[in-house]
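Q: Just dropping this structure here.
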Amino acid sequence: MTVTAIQIGLDPDVIDCSSPDFAQFPGLSREKLRAANDENVAALRAAGYHVDNCLIDFGDAGADKARQWLQAEHYDAVLIGAGVRLVAGNTLLFESIVNAAHVAQPGCRFVFNRAAVATPDDIRRWYPNPEAVA
């Protein structure tokens with residue numbers, strides 16, 4: 001059975017890359033973020049994982065969208081992007097997503113990228129073989 005994953009991250013169109021919140025990501029731009037997101041999804045799919053890409057807004061709107069996606073399908077892995085996790089102003093959004101996943105996806109593994117550009121290696125920490133769900 002193929003490992004299923006959802007990648008949840010901020011929609012590049014809602015991010016002000018010049019804001020102090022995002023200054024911790026040097027050289028970040030909407031274009032670079034969109035390209036990194038698209039490349040990560042393509043790389044995960046090319047590696048054999050089934051992945052859905054949920055791009056969200058800030059605050060309650062983002063939490064609601066993530067919750068809807070998490071309730072709609074089964075996922076073995078929930079990938080939550082650095083813009084949600086590492087920006088202090090998004091703590092409540094991050095908390096809401098984790099709690100929604102905890103309820104909707106019991107037994108899922110949480111996967112966090114270590115850089116703005118994620119790779120299939122992030123999911124391979126938990127699922128080295130895309131065809132072997134633990």
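Residues in the structure tokens are numbered from 1 in each chain, the chains being A, B, ... in the order shown, and ligands are numbered from 1 in the order shown.
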What's around A:Trp126 at 12 Å? Count only C-alpha atoms, leave out sequence neighbours fewer than 6 positions away in its own chain, and write the answer as a list in words.

A: Val3, Ala5, Asp76, Ala77, Val78, Leu79, Cys108, Arg109, Phe110, Val111, Phe112, Pro120, Ala132, Val133 and Ala134 of chain A

Q: Using the selection just defined, write its residues with N, CA and C atoms as a compact mmCIF listing (two decimals), in the first residue's frame.

A:
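Listing of out_3.txt after writing:
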# COMPACT_ATOMS: atom_id res chain seq x y z
N VAL A 3 2.30 4.88 0.74
CA VAL A 3 2.27 5.86 1.83
C VAL A 3 1.57 7.12 1.33
N ALA A 5 0.49 11.10 2.11
CA ALA A 5 0.96 12.25 2.90
C ALA A 5 0.20 13.49 2.49
N ASP A 76 -0.99 8.88 6.09
CA ASP A 76 -0.02 8.25 6.97
C ASP A 76 0.92 9.29 7.57
N ALA A 77 1.18 10.34 6.78
CA ALA A 77 2.12 11.37 7.21
C ALA A 77 1.51 12.75 7.01
N VAL A 78 1.74 13.63 7.97
CA VAL A 78 1.29 15.02 7.90
C VAL A 78 2.55 15.89 7.94
N LEU A 79 2.85 16.51 6.81
CA LEU A 79 4.00 17.41 6.71
C LEU A 79 3.52 18.83 6.95
N CYS A 108 -1.05 8.90 12.54
CA CYS A 108 -0.20 9.52 11.52
C CYS A 108 1.14 9.89 12.13
N ARG A 109 2.12 10.04 11.28
CA ARG A 109 3.43 10.55 11.68
C ARG A 109 3.49 12.01 11.26
N PHE A 110 4.03 12.85 12.14
CA PHE A 110 4.25 14.24 11.79
C PHE A 110 5.65 14.36 11.21
N VAL A 111 5.76 15.10 10.12
CA VAL A 111 7.03 15.27 9.43
C VAL A 111 7.29 16.76 9.31
N PHE A 112 8.48 17.18 9.71
CA PHE A 112 8.84 18.59 9.65
C PHE A 112 10.12 18.74 8.84
N PRO A 120 12.29 14.69 -0.25
CA PRO A 120 11.71 13.40 0.15
C PRO A 120 12.43 12.77 1.35
N ALA A 132 5.49 0.79 1.67
CA ALA A 132 5.37 0.00 2.91
C ALA A 132 4.87 0.87 4.04
N VAL A 133 3.58 0.85 4.26
CA VAL A 133 3.00 1.57 5.39
C VAL A 133 3.18 0.73 6.63
N ALA A 134 3.72 1.38 7.67
CA ALA A 134 3.98 0.65 8.93
C ALA A 134 2.70 0.47 9.72

Q: List as a PyMOL selection string the protein and nucleic acid residues near stretch 17-34 of chain A, meaning an atom at most 12 Å away when only C-alpha atoms are counted, but skip any in the same chain fewer than 4 places from it.

A: chain A and resi 9-13+38-41+53+55+81-91+115-118

Q: Please indicate the distance in Å from atom CA of A:Pro130 to atom CA of A:Ala42, rounded to one decimal place.

A: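 The value is 14.1 Å.
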
Q: Could you name the residues that touch A:Ala104 at 8 Å or less, counting only C-alpha atoms, but leaving out those on the same chain fewer than 3 positions away, as a PyMOL selection string?

A: chain A and resi 70-71+100-101

Q: If you run DSSP over the backbone, which residues in stretch 62-101 of chain A end up helix (DSSP H, G or I)? Put them as a list in words.

A: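 The helix (DSSP H, G or I) residues within stretch 62-101 of chain A come out as Gly62, Ala63, Asp64, Lys65, Ala66, Arg67, Gln68, Trp69, Leu70, Gln71, Ala72, Ala82, Gly83, Val84, Arg85, Ala88, Gly89, Asn90, Thr91, Leu92, Leu93, Phe94, Glu95, Ser96, Ile97, Val98, Asn99, Ala100 and Ala101 of chain A.
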
Q: Give me, as number ranges by chain, all polymer residues having an atom no more than 9 Å from A:Glu131, counting only C-alpha atoms and skipping those fewer than 3 positions away in the same chain.

A: A: 1-3, 48-49, 127-128

Q: Could you write those residues out with N, CA and C atoms, as a PDB file, in the first residue's frame?

A:
ATOM      1  N   MET A   1       0.837  -1.177   0.000  1.00  0.00           N
ATOM      2  CA  MET A   1       0.000   0.000   0.000  1.00  0.00           C
ATOM      3  C   MET A   1       0.887   1.248   0.000  1.00  0.00           C
ATOM      4  N   THR A   2       0.564   2.221  -0.798  1.00  0.00           N
ATOM      5  CA  THR A   2       1.371   3.423  -0.927  1.00  0.00           C
ATOM      6  C   THR A   2       1.192   4.351   0.269  1.00  0.00           C
ATOM      7  N   VAL A   3       2.298   4.884   0.742  1.00  0.00           N
ATOM      8  CA  VAL A   3       2.270   5.859   1.829  1.00  0.00           C
ATOM      9  C   VAL A   3       1.565   7.118   1.330  1.00  0.00           C
ATOM     10  N   GLY A  48       7.510   8.017  -5.317  1.00  0.00           N
ATOM     11  CA  GLY A  48       6.516   6.970  -5.121  1.00  0.00           C
ATOM     12  C   GLY A  48       5.494   7.214  -4.032  1.00  0.00           C
ATOM     13  N   TYR A  49       5.542   8.374  -3.380  1.00  0.00           N
ATOM     14  CA  TYR A  49       4.572   8.698  -2.339  1.00  0.00           C
ATOM     15  C   TYR A  49       3.329   9.336  -2.962  1.00  0.00           C
ATOM     16  N   TYR A 127       9.133   6.888   6.730  1.00  0.00           N
ATOM     17  CA  TYR A 127       8.663   5.942   5.710  1.00  0.00           C
ATOM     18  C   TYR A 127       9.715   5.822   4.617  1.00  0.00           C
ATOM     19  N   PRO A 128      10.763   5.017   4.861  1.00  0.00           N
ATOM     20  CA  PRO A 128      11.825   4.907   3.867  1.00  0.00           C
ATOM     21  C   PRO A 128      11.370   4.283   2.552  1.00  0.00           C
TER      22      PRO A 128
END

Q: Taking only C-alpha atoms into account, name the residue in A:Ile80, A:Ala35, A:Ala43, A:Ala61 that is nearest to A:Ile6.

A: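 Comparing A:Ile80, A:Ala35, A:Ala43, A:Ala61 against A:Ile6, the winner is A:Ile80.
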
Q: Atom CA of A:Val51 to atom CA of A:Gln7: how many Å, to one decimal?

A: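 Atom CA of A:Val51 sits 7.0 Å away from atom CA of A:Gln7.
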
Q: Write down as number ranges by chain the residues of chain A whose backbone DSSP state falls under strand (DSSP E).

A: A: 4-10, 50-56, 77-80, 109-112
